[in-house]
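Below is one structure, written out as structure tokens, with a few remarks after it.
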Amino acid sequence: MSRTTDITKEAILDAAIAQFSRYGFKKTRLSDIAAVLDISAAALFRYFKDKRALYDAAAARGLMRWQEAAFSDAERLTDPISALTALAHASFDYLSRDPEFAVMLRNDPGIFPLFSGDHFEAINDASKAMIRRLIEEGQRAGLFRSVDIDRVSHLFFSVYKMFIVGSYIETNTQTSREAFDQFIDIAVRGLLTEKGAEAYGRSDG
């Protein structure tokens, strides 16, 4: 007998990510996801109106897990320079620890579009806001010079997306972590005041 009362929305989304990763959107059936959870397919409609709605919610769940992991690494650090570099590195490395979601992205690059048509704008805007906050904190501490924060935050995020696409999504290219590290180093150095450069040099040492 299937169970319907103790299943959570989060458990449904995690099961959906696993199935969409394995079979893709077209071949995955709602009954497949329900069977993994030992519930009826009809029970899924309590939460989602159709397969597309479930798919979009599962993609958002994957992006949120990714974002939360990166934010957690950054928030453990108190100085803005280290926090900004930690955010970048944690964001880049995350998909190597979440292969199911990496495959889901590879099967549907539209989840993480490089140029336009962002279906998850609110989630990605939160990531840009985090970058903006760290730059603002660095400016208040005298570590980062005065820049157009919105423009720089957008640039950081856009180039980061390019590296993610090259490393995890497009199968005909492979961007190395070393190249990404070089980009972060150049970008951070471009923000630094003299005081910030001294602090960054000490952290390198």
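Ligands are numbered from 1 in the order shown, residues from 1 within each chain, and chains are lettered A, B, ... in the order they appear in the structure tokens.
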Check your understanding: Where in region 3-199 of chain A does DSSP assign alpha helix (DSSP H), given as a PyMOL selection string?
Key -> chain A and resi 9-27+30-37+41-44+51-75+80-97+99-107+121-140+149-164+177-191+194-199
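Between CA of Gly142 (chain A) and CA of Asp181 (chain A) lies a distance of 23.7 Å.
If you measure from each of A:Tyr200, A:Phe25, A:Phe183, A:Tyr47 to Ile12 (chain A) using only C-alpha atoms, the closest one turns out to be A:Tyr47.
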Can you build me a table of region 12-52 of chain A residues sitting at most 8 Å from region 89-105 of chain A, with the closest atom pair per residue and its distance in Å to one decimal, using only C-alpha atoms, sorted by chain and residue number, as CSV?
residue,atom,partner,partner_atom,distance
A:Ile17,CA,A:Phe101,CA,6.6
A:Ala18,CA,A:Glu100,CA,6.0
A:Phe20,CA,A:Met104,CA,6.4
A:Ser21,CA,A:Met104,CA,4.4
A:Arg22,CA,A:Glu100,CA,7.8
A:Gly24,CA,A:Met104,CA,7.3
Study note, to complete from the structure: In Å and to one decimal, CA of Thr28 (chain A) is distant from CA of Asp14 (chain A) by 14.0 Å
**Study point:** Shell of 9 Å around Asp32 (chain A), only C-alpha atoms, local chain residues under 5 positions omitted, as a PyMOL selection string
**Key:** chain A and resi 16+19+37+41
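Closest to Ala53 (chain A) among A:Val147, A:Val36, A:Leu30, A:Asp73 is A:Leu30, based on only C-alpha atoms.
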Study note, to complete from the structure: Closest of A:Ala88, A:Lys9, A:Ser158, A:Ala74 to Phe45 (chain A), counting only C-alpha atoms, is A:Lys9
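Take CA of Gly138 (chain A) and CA of Pro80 (chain A): the distance between them is 5.2 Å.
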Revision key, fill the gap. In terms of only C-alpha atoms, the residue from A:Leu87, A:Ile131, A:Leu192, A:Met64 at minimal distance from Arg145 (chain A) is A:Leu192
Practice item. Please provide the set of residues having any atom within 12 Å of region 150-155 of chain A, restricted to only C-alpha atoms, with same-chain residues fewer than 2 positions apart removed, written as an MDAnalysis selection string. Key: chainID A and resid 84 88 124:136 144:148 157:162 183:184 187:188 190:191
